[in-house]
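**Student:** Sharing entry_34.txt here; it has compact mmCIF, N, CA and C atoms.
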# COMPACT_ATOMS: atom_id res chain seq x y z
N VAL E 27 150.31 120.34 -17.80
CA VAL E 27 150.48 121.74 -17.48
C VAL E 27 149.23 122.27 -16.77
N GLU E 28 148.08 121.83 -17.19
CA GLU E 28 146.84 122.32 -16.58
C GLU E 28 146.77 121.98 -15.10
N ASP E 29 147.34 120.83 -14.71
CA ASP E 29 147.31 120.44 -13.30
C ASP E 29 148.30 121.25 -12.47
N VAL E 30 149.37 121.74 -13.09
CA VAL E 30 150.41 122.46 -12.37
C VAL E 30 149.99 123.92 -12.12
N ILE E 31 149.38 124.54 -13.12
CA ILE E 31 148.97 125.93 -13.00
C ILE E 31 147.51 125.97 -12.60
N LYS E 32 147.27 126.41 -11.39
CA LYS E 32 145.90 126.49 -10.88
C LYS E 32 145.41 127.92 -10.98
N GLU E 33 144.22 128.06 -11.47
CA GLU E 33 143.63 129.38 -11.56
C GLU E 33 143.03 129.76 -10.21
N ILE E 34 143.42 130.94 -9.75
CA ILE E 34 142.92 131.42 -8.47
C ILE E 34 141.94 132.55 -8.75
N VAL E 35 140.78 132.46 -8.21
CA VAL E 35 139.77 133.49 -8.36
C VAL E 35 139.89 134.43 -7.17
N ASP E 36 140.09 135.71 -7.46
CA ASP E 36 140.23 136.71 -6.39
C ASP E 36 138.90 136.93 -5.70
N ASP E 37 138.98 137.06 -4.40
CA ASP E 37 137.80 137.40 -3.61
C ASP E 37 137.59 138.91 -3.75
N GLU E 38 136.39 139.31 -4.08
CA GLU E 38 136.08 140.73 -4.28
C GLU E 38 136.51 141.58 -3.08
N SER E 39 136.41 141.07 -1.88
CA SER E 39 136.76 141.84 -0.70
C SER E 39 138.27 142.07 -0.58
N ASP E 40 139.08 141.28 -1.31
CA ASP E 40 140.53 141.43 -1.28
C ASP E 40 141.03 142.47 -2.28
N LEU E 41 140.20 142.82 -3.25
CA LEU E 41 140.63 143.72 -4.32
C LEU E 41 140.73 145.15 -3.81
N GLN E 42 141.77 145.84 -4.29
CA GLN E 42 141.98 147.24 -3.93
C GLN E 42 142.05 148.07 -5.21
N GLY E 43 141.48 149.26 -5.14
CA GLY E 43 141.55 150.16 -6.27
C GLY E 43 142.93 150.78 -6.38
N ARG E 44 143.21 151.38 -7.51
CA ARG E 44 144.46 152.10 -7.70
C ARG E 44 144.15 153.43 -8.36
N PRO E 45 145.01 154.41 -8.18
CA PRO E 45 144.76 155.70 -8.83
C PRO E 45 144.79 155.52 -10.36
N PRO E 46 143.94 156.27 -11.06
CA PRO E 46 143.99 156.20 -12.53
C PRO E 46 145.33 156.72 -13.04
N VAL E 47 145.78 156.13 -14.15
CA VAL E 47 147.02 156.56 -14.79
C VAL E 47 146.65 157.42 -16.00
N ILE E 48 147.16 158.64 -16.01
CA ILE E 48 146.87 159.62 -17.06
C ILE E 48 148.18 159.92 -17.77
N THR E 49 148.25 159.61 -19.06
CA THR E 49 149.49 159.84 -19.81
C THR E 49 149.35 161.09 -20.66
N ILE E 50 150.32 161.99 -20.52
CA ILE E 50 150.36 163.24 -21.28
C ILE E 50 151.24 162.99 -22.50
N MET E 51 150.66 163.18 -23.70
CA MET E 51 151.39 162.90 -24.94
C MET E 51 151.25 164.08 -25.90
N GLY E 52 152.14 164.14 -26.90
CA GLY E 52 152.07 165.15 -27.94
C GLY E 52 153.45 165.45 -28.49
N HIS E 53 153.50 166.41 -29.38
CA HIS E 53 154.72 166.79 -30.08
C HIS E 53 155.65 167.58 -29.15
N VAL E 54 156.93 167.57 -29.48
CA VAL E 54 157.92 168.30 -28.70
C VAL E 54 157.57 169.80 -28.66
N ASP E 55 157.72 170.41 -27.50
CA ASP E 55 157.53 171.84 -27.28
C ASP E 55 156.08 172.30 -27.43
N HIS E 56 155.13 171.39 -27.23
CA HIS E 56 153.73 171.80 -27.26
C HIS E 56 153.18 172.09 -25.88
N GLY E 57 154.00 171.87 -24.81
CA GLY E 57 153.60 172.29 -23.47
C GLY E 57 153.15 171.18 -22.54
N LYS E 58 153.54 169.94 -22.83
CA LYS E 58 153.13 168.80 -21.99
C LYS E 58 153.64 168.94 -20.56
N THR E 59 154.93 169.16 -20.41
CA THR E 59 155.53 169.24 -19.08
C THR E 59 155.06 170.50 -18.36
N SER E 60 154.89 171.59 -19.08
CA SER E 60 154.38 172.82 -18.46
C SER E 60 152.97 172.60 -17.92
N LEU E 61 152.15 171.86 -18.65
CA LEU E 61 150.80 171.53 -18.17
C LEU E 61 150.89 170.74 -16.87
N LEU E 62 151.76 169.73 -16.85
CA LEU E 62 151.94 168.94 -15.63
C LEU E 62 152.51 169.78 -14.50
N ASP E 63 153.43 170.68 -14.82
CA ASP E 63 153.98 171.57 -13.78
C ASP E 63 152.85 172.37 -13.12
N ALA E 64 151.90 172.84 -13.93
CA ALA E 64 150.78 173.61 -13.38
C ALA E 64 149.91 172.72 -12.49
N ILE E 65 149.67 171.49 -12.92
CA ILE E 65 148.87 170.56 -12.13
C ILE E 65 149.56 170.23 -10.81
N ARG E 66 150.88 170.05 -10.86
CA ARG E 66 151.63 169.65 -9.67
C ARG E 66 152.19 170.82 -8.90
N ASP E 67 152.03 172.04 -9.41
CA ASP E 67 152.61 173.23 -8.81
C ASP E 67 154.11 173.04 -8.65
N ALA E 68 154.77 172.68 -9.76
CA ALA E 68 156.22 172.42 -9.77
C ALA E 68 156.85 173.15 -10.95
N LYS E 69 158.16 172.99 -11.09
CA LYS E 69 158.87 173.62 -12.19
C LYS E 69 159.87 172.63 -12.81
N VAL E 70 159.38 171.47 -13.22
CA VAL E 70 160.23 170.44 -13.81
C VAL E 70 160.84 170.92 -15.11
N VAL E 71 160.05 171.62 -15.94
CA VAL E 71 160.52 172.03 -17.26
C VAL E 71 161.78 172.90 -17.16
N ALA E 72 161.93 173.66 -16.09
CA ALA E 72 163.10 174.53 -15.93
C ALA E 72 164.40 173.74 -15.82
N GLY E 73 164.33 172.51 -15.35
CA GLY E 73 165.54 171.71 -15.17
C GLY E 73 165.84 170.76 -16.30
N GLU E 74 165.07 170.82 -17.39
CA GLU E 74 165.27 169.88 -18.49
C GLU E 74 166.25 170.44 -19.50
N ALA E 75 167.01 169.54 -20.12
CA ALA E 75 168.00 169.94 -21.12
C ALA E 75 167.29 170.59 -22.30
N GLY E 76 167.53 171.88 -22.50
CA GLY E 76 166.89 172.59 -23.59
C GLY E 76 165.39 172.68 -23.46
N GLY E 77 164.87 172.42 -22.24
CA GLY E 77 163.43 172.44 -22.03
C GLY E 77 162.71 171.28 -22.66
N ILE E 78 163.46 170.20 -23.01
CA ILE E 78 162.87 169.05 -23.69
C ILE E 78 162.92 167.83 -22.78
N THR E 79 161.77 167.19 -22.57
CA THR E 79 161.70 165.96 -21.77
C THR E 79 162.42 164.85 -22.51
N GLN E 80 163.31 164.13 -21.80
CA GLN E 80 164.08 163.08 -22.44
C GLN E 80 163.89 161.72 -21.77
N HIS E 81 162.87 161.60 -20.94
CA HIS E 81 162.57 160.34 -20.26
C HIS E 81 161.09 160.36 -19.88
N ILE E 82 160.56 159.23 -19.48
CA ILE E 82 159.19 159.22 -18.97
C ILE E 82 159.25 159.62 -17.50
N GLY E 83 158.46 160.61 -17.15
CA GLY E 83 158.36 161.04 -15.77
C GLY E 83 157.05 160.55 -15.19
N ALA E 84 157.06 160.09 -13.96
CA ALA E 84 155.84 159.62 -13.29
C ALA E 84 155.61 160.47 -12.05
N TYR E 85 154.39 160.97 -11.92
CA TYR E 85 154.06 161.86 -10.82
C TYR E 85 152.69 161.49 -10.28
N GLN E 86 152.49 161.70 -9.00
CA GLN E 86 151.19 161.45 -8.40
C GLN E 86 150.76 162.70 -7.64
N VAL E 87 149.51 163.08 -7.86
CA VAL E 87 148.96 164.23 -7.16
C VAL E 87 147.70 163.79 -6.42
N THR E 88 147.40 164.53 -5.37
CA THR E 88 146.17 164.29 -4.62
C THR E 88 145.27 165.51 -4.81
N THR E 89 144.05 165.27 -5.24
CA THR E 89 143.11 166.36 -5.46
C THR E 89 142.65 166.92 -4.12
N ASP E 90 141.99 168.06 -4.16
CA ASP E 90 141.46 168.66 -2.94
C ASP E 90 140.49 167.72 -2.24
N GLY E 91 139.83 166.86 -3.01
CA GLY E 91 138.87 165.91 -2.45
C GLY E 91 139.52 164.63 -1.93
N GLY E 92 140.86 164.52 -2.06
CA GLY E 92 141.57 163.36 -1.55
C GLY E 92 141.81 162.25 -2.56
N THR E 93 141.33 162.41 -3.78
CA THR E 93 141.54 161.40 -4.81
C THR E 93 142.96 161.50 -5.35
N LYS E 94 143.62 160.36 -5.49
CA LYS E 94 144.97 160.35 -6.07
C LYS E 94 144.88 160.11 -7.57
N LEU E 95 145.74 160.82 -8.32
CA LEU E 95 145.86 160.66 -9.76
C LEU E 95 147.32 160.45 -10.09
N SER E 96 147.62 159.49 -10.95
CA SER E 96 148.99 159.24 -11.40
C SER E 96 149.16 159.75 -12.82
N PHE E 97 150.22 160.53 -13.05
CA PHE E 97 150.48 161.10 -14.37
C PHE E 97 151.79 160.57 -14.92
N LEU E 98 151.81 160.29 -16.23
CA LEU E 98 153.04 159.97 -16.94
C LEU E 98 153.29 161.09 -17.94
N ASP E 99 154.49 161.63 -17.93
CA ASP E 99 154.91 162.67 -18.88
C ASP E 99 155.82 162.00 -19.89
N THR E 100 155.41 161.96 -21.16
CA THR E 100 156.21 161.29 -22.18
C THR E 100 156.96 162.31 -23.02
N PRO E 101 158.14 161.94 -23.51
CA PRO E 101 158.89 162.85 -24.38
C PRO E 101 158.18 163.04 -25.71
N GLY E 102 158.28 164.24 -26.29
CA GLY E 102 157.63 164.51 -27.56
C GLY E 102 158.54 164.43 -28.76
N HIS E 103 159.84 164.32 -28.53
CA HIS E 103 160.80 164.29 -29.64
C HIS E 103 160.67 162.99 -30.42
N ALA E 104 160.91 163.04 -31.72
CA ALA E 104 160.77 161.88 -32.61
C ALA E 104 161.60 160.68 -32.16
N ALA E 105 162.73 160.92 -31.50
CA ALA E 105 163.61 159.83 -31.10
C ALA E 105 163.02 158.94 -30.01
N PHE E 106 161.91 159.35 -29.40
CA PHE E 106 161.38 158.63 -28.24
C PHE E 106 160.06 157.90 -28.53
N THR E 107 159.92 157.39 -29.74
CA THR E 107 158.70 156.69 -30.15
C THR E 107 158.35 155.53 -29.22
N SER E 108 159.31 154.69 -28.90
CA SER E 108 159.01 153.50 -28.08
C SER E 108 158.56 153.90 -26.68
N MET E 109 159.10 154.99 -26.13
CA MET E 109 158.66 155.45 -24.80
C MET E 109 157.20 155.89 -24.85
N ARG E 110 156.82 156.59 -25.91
CA ARG E 110 155.42 157.02 -26.03
C ARG E 110 154.50 155.82 -26.17
N SER E 111 154.94 154.82 -26.91
CA SER E 111 154.13 153.62 -27.08
C SER E 111 153.92 152.93 -25.74
N ARG E 112 154.98 152.78 -24.95
CA ARG E 112 154.85 152.16 -23.62
C ARG E 112 153.94 152.97 -22.72
N GLY E 113 154.05 154.30 -22.80
CA GLY E 113 153.18 155.16 -21.99
C GLY E 113 151.72 154.92 -22.30
N ALA E 114 151.39 154.78 -23.58
CA ALA E 114 149.99 154.54 -23.98
C ALA E 114 149.50 153.18 -23.53
N GLN E 115 150.39 152.20 -23.46
CA GLN E 115 149.99 150.84 -23.11
C GLN E 115 149.68 150.66 -21.63
N VAL E 116 150.19 151.53 -20.78
CA VAL E 116 149.98 151.36 -19.33
C VAL E 116 149.01 152.39 -18.75
N THR E 117 148.32 153.11 -19.61
CA THR E 117 147.49 154.21 -19.13
C THR E 117 146.01 153.88 -19.13
N ASP E 118 145.27 154.67 -18.37
CA ASP E 118 143.81 154.58 -18.38
C ASP E 118 143.21 155.62 -19.31
N ILE E 119 143.92 156.74 -19.49
CA ILE E 119 143.46 157.80 -20.38
C ILE E 119 144.65 158.60 -20.88
N VAL E 120 144.59 159.04 -22.12
CA VAL E 120 145.65 159.87 -22.71
C VAL E 120 145.14 161.30 -22.81
N VAL E 121 145.98 162.24 -22.41
CA VAL E 121 145.73 163.65 -22.67
C VAL E 121 146.71 164.05 -23.77
N LEU E 122 146.18 164.37 -24.94
CA LEU E 122 146.99 164.77 -26.09
C LEU E 122 147.08 166.29 -26.11
N VAL E 123 148.29 166.81 -25.97
CA VAL E 123 148.51 168.26 -25.95
C VAL E 123 148.97 168.70 -27.34
N VAL E 124 148.26 169.68 -27.90
CA VAL E 124 148.59 170.22 -29.22
C VAL E 124 148.67 171.73 -29.09
N ALA E 125 149.77 172.31 -29.58
CA ALA E 125 149.96 173.76 -29.50
C ALA E 125 149.22 174.46 -30.64
N ALA E 126 148.40 175.44 -30.29
CA ALA E 126 147.63 176.17 -31.29
C ALA E 126 148.50 177.08 -32.14
N ASP E 127 149.71 177.40 -31.66
CA ASP E 127 150.60 178.25 -32.46
C ASP E 127 151.51 177.43 -33.35
N ASP E 128 151.33 176.13 -33.34
CA ASP E 128 152.11 175.24 -34.21
C ASP E 128 151.09 174.52 -35.10
N ALA E 129 150.97 173.23 -34.97
CA ALA E 129 150.01 172.48 -35.79
C ALA E 129 150.00 171.04 -35.31
N VAL E 130 149.16 170.25 -35.95
CA VAL E 130 149.21 168.80 -35.74
C VAL E 130 150.49 168.32 -36.42
N MET E 131 151.38 167.73 -35.63
CA MET E 131 152.70 167.33 -36.11
C MET E 131 152.80 165.81 -36.15
N PRO E 132 153.90 165.27 -36.71
CA PRO E 132 154.03 163.80 -36.80
C PRO E 132 153.90 163.09 -35.45
N GLN E 133 154.47 163.66 -34.37
CA GLN E 133 154.36 163.01 -33.06
C GLN E 133 152.95 163.13 -32.51
N THR E 134 152.19 164.14 -32.94
CA THR E 134 150.79 164.26 -32.55
C THR E 134 150.01 163.08 -33.13
N VAL E 135 150.21 162.85 -34.42
CA VAL E 135 149.53 161.74 -35.10
C VAL E 135 149.97 160.40 -34.51
N GLU E 136 151.26 160.28 -34.22
CA GLU E 136 151.77 159.05 -33.62
C GLU E 136 151.12 158.79 -32.25
N ALA E 137 150.98 159.84 -31.45
CA ALA E 137 150.34 159.70 -30.14
C ALA E 137 148.89 159.26 -30.29
N ILE E 138 148.19 159.82 -31.27
CA ILE E 138 146.81 159.40 -31.54
C ILE E 138 146.78 157.92 -31.86
N ASN E 139 147.70 157.49 -32.71
CA ASN E 139 147.75 156.07 -33.10
C ASN E 139 148.09 155.16 -31.92
N HIS E 140 148.99 155.60 -31.04
CA HIS E 140 149.32 154.81 -29.84
C HIS E 140 148.09 154.67 -28.94
N ALA E 141 147.36 155.76 -28.75
CA ALA E 141 146.16 155.71 -27.91
C ALA E 141 145.11 154.78 -28.52
N LYS E 142 144.94 154.86 -29.84
CA LYS E 142 143.98 153.97 -30.51
C LYS E 142 144.40 152.51 -30.36
N ALA E 143 145.69 152.24 -30.57
CA ALA E 143 146.19 150.87 -30.47
C ALA E 143 146.01 150.32 -29.06
N ALA E 144 146.17 151.18 -28.06
CA ALA E 144 146.02 150.75 -26.67
C ALA E 144 144.54 150.72 -26.26
N GLU E 145 143.67 151.21 -27.14
CA GLU E 145 142.22 151.24 -26.88
C GLU E 145 141.88 151.98 -25.58
N VAL E 146 142.51 153.14 -25.41
CA VAL E 146 142.24 153.98 -24.25
C VAL E 146 141.59 155.29 -24.71
N PRO E 147 140.73 155.87 -23.87
CA PRO E 147 140.13 157.15 -24.25
C PRO E 147 141.17 158.26 -24.29
N MET E 148 140.86 159.29 -25.08
CA MET E 148 141.81 160.39 -25.26
C MET E 148 141.07 161.72 -25.13
N ILE E 149 141.69 162.63 -24.40
CA ILE E 149 141.23 164.01 -24.29
C ILE E 149 142.25 164.87 -25.02
N VAL E 150 141.80 165.81 -25.83
CA VAL E 150 142.71 166.71 -26.53
C VAL E 150 142.72 168.05 -25.80
N ALA E 151 143.92 168.51 -25.46
CA ALA E 151 144.10 169.82 -24.83
C ALA E 151 144.82 170.72 -25.84
N ILE E 152 144.11 171.71 -26.35
CA ILE E 152 144.74 172.65 -27.28
C ILE E 152 145.36 173.75 -26.44
N ASN E 153 146.67 173.83 -26.52
CA ASN E 153 147.49 174.69 -25.67
C ASN E 153 147.98 175.91 -26.45
N LYS E 154 148.46 176.89 -25.76
CA LYS E 154 149.09 178.09 -26.34
C LYS E 154 148.13 178.87 -27.24
N ILE E 155 146.85 178.89 -26.89
CA ILE E 155 145.87 179.60 -27.72
C ILE E 155 146.00 181.12 -27.59
N ASP E 156 146.75 181.58 -26.57
CA ASP E 156 146.92 183.02 -26.36
C ASP E 156 148.14 183.58 -27.09
N LYS E 157 148.90 182.72 -27.77
CA LYS E 157 150.12 183.19 -28.43
C LYS E 157 149.80 183.79 -29.80
N PRO E 158 150.62 184.77 -30.24
CA PRO E 158 150.42 185.33 -31.59
C PRO E 158 150.50 184.22 -32.64
N GLY E 159 149.63 184.28 -33.60
CA GLY E 159 149.63 183.28 -34.67
C GLY E 159 148.90 181.99 -34.32
N ALA E 160 148.31 181.93 -33.13
CA ALA E 160 147.59 180.71 -32.73
C ALA E 160 146.34 180.54 -33.58
N THR E 161 146.13 179.30 -34.02
CA THR E 161 144.95 178.98 -34.85
C THR E 161 144.29 177.72 -34.30
N PRO E 162 143.60 177.84 -33.15
CA PRO E 162 142.99 176.65 -32.56
C PRO E 162 141.95 175.98 -33.47
N ASP E 163 141.24 176.78 -34.29
CA ASP E 163 140.25 176.19 -35.20
C ASP E 163 140.93 175.30 -36.24
N LYS E 164 142.09 175.72 -36.73
CA LYS E 164 142.84 174.90 -37.70
C LYS E 164 143.30 173.61 -37.04
N VAL E 165 143.75 173.69 -35.79
CA VAL E 165 144.18 172.49 -35.07
C VAL E 165 143.01 171.52 -34.94
N ARG E 166 141.83 172.04 -34.56
CA ARG E 166 140.63 171.18 -34.43
C ARG E 166 140.32 170.50 -35.76
N THR E 167 140.34 171.28 -36.85
CA THR E 167 140.05 170.74 -38.18
C THR E 167 141.07 169.67 -38.56
N ASP E 168 142.34 169.95 -38.32
CA ASP E 168 143.40 168.98 -38.64
C ASP E 168 143.25 167.70 -37.83
N LEU E 169 142.85 167.83 -36.56
CA LEU E 169 142.68 166.65 -35.71
C LEU E 169 141.55 165.75 -36.21
N LEU E 170 140.53 166.34 -36.80
CA LEU E 170 139.40 165.56 -37.32
C LEU E 170 139.81 164.58 -38.42
N GLN E 171 140.93 164.86 -39.07
CA GLN E 171 141.43 163.94 -40.10
C GLN E 171 141.99 162.65 -39.51
N HIS E 172 142.16 162.62 -38.20
CA HIS E 172 142.79 161.46 -37.54
C HIS E 172 141.87 160.80 -36.54
N GLU E 173 140.55 160.94 -36.74
CA GLU E 173 139.57 160.35 -35.81
C GLU E 173 139.76 158.86 -35.69
Could I get this file's structure written as structure tokens?

**Tutor:**
Amino acid sequence: VEDVIKEIVDDESDLQGRPPVITIMGHVDHGKTSLLDAIRDAKVVAGEAGGITQHIGAYQVTTDGGTKLSFLDTPGHAAFTSMRSRGAQVTDIVVLVVAADDAVMPQTVEAINHAKAAEVPMIVAINKIDKPGATPDKVRTDLLQHE
């Protein structure tokens, strides 16, 4: 078998970069797709059944400086665990969205665990801090339990 499969060493000059993959994860209705809509200047959330993402969406944006970024939007509903896991496995960084007017929920913890298992860095975006009843400090404290 060793004679049949030859290892090819890539020439550095042949290698090409790719845009970073950023996966947006979190609990249902915490604002993941709305955040992406703002980044992409789109209105995807308006066309979703009940405003809930039911598939992985892939989007690419170009920054003002010309850099391309690839985003994955994962569903937050409990039924879509395997999709969130796959999203974490193919990403360079996870953005975990948590709503300050809700709390750290089971899918929030699951997303943290997927990011840890994939050994990718994670940024936490605390969303909806302007809504009545929002408690961003409680969300921060709750997140510390899952370091």

**Student:** Using all atoms listed in the file, which protein or nucleic acid residues come within 8 Å of Leu169 of chain E? Drop anything in the same chain fewer than 5 positions from it, and give the result as a PyMOL selection string.

**Tutor:** chain E and resi 129-130+163-164

**Student:** Tell me which protein, DNA and RNA residues are within 9 Å of Leu122 of chain E, counting only C-alpha atoms, leaving out same-chain ones fewer than 6 positions away, and put them as a list in words.

**Tutor:**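 Counting only the stated atoms, we get Thr49, Ile50, Met51, Gly52, His53, Lys58, Thr134, Ala137, Ile138, Met148, Ile149, Val150, Ala151 and Ile152 of chain E.
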
**Student:** Enter the distance from atom CA of Asp168 of chain E to atom CA of Ile48 of chain E, in Å, rounded to one decimal.

**Tutor:**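 Taking atom CA of Asp168 of chain E as the start and atom CA of Ile48 of chain E as the end point, the length is 23.8 Å.
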
**Student:** Ranking E:Val121, E:Leu41, E:Val35, E:Ala84 by minimum distance to Gly57 of chain E and counting only C-alpha atoms, which one comes first?

**Tutor:**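 That would be E:Val121, the residue with the smallest distance to Gly57 of chain E.
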
**Student:** Calculate how many Å separate atom CA of Gly43 of chain E from atom C of Phe97 of chain E, rounding to one decimal.

**Tutor:** 17.0 Å

**Student:** Taking 4 positions as the minimum chain separation for residues in the same chain, which residues sit within 10 Å of Thr161 of chain E when counting only C-alpha atoms? Answer as a ChimeraX atom specification.

**Tutor:** /E:125-129,152,154-157,165-166

**Student:** Rounded to one decimal in Å, what is the spacing between atom N of Arg66 of chain E and atom C of Ile119 of chain E?

**Tutor:**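 Taking atom N of Arg66 of chain E and atom C of Ile119 of chain E, their separation equals 16.4 Å.
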
**Student:** Need the shell around Lys94 of chain E: protein/DNA/RNA residues with any atom at most 6 Å away, counting only C-alpha atoms. Skip same-chain ones fewer than 2 positions apart. Format as a tab-separated table (two decimals) with N, CA and C atoms, keeping the file's coordinate frame?

**Tutor:**
chain	number	residue	atom	x	y	z
E	45	PRO	N	145.01	154.41	-8.18
E	45	PRO	CA	144.76	155.70	-8.83
E	45	PRO	C	144.79	155.52	-10.36
E	87	VAL	N	149.51	163.08	-7.86
E	87	VAL	CA	148.96	164.23	-7.16
E	87	VAL	C	147.70	163.79	-6.42
E	88	THR	N	147.40	164.53	-5.37
E	88	THR	CA	146.17	164.29	-4.62
E	88	THR	C	145.27	165.51	-4.81
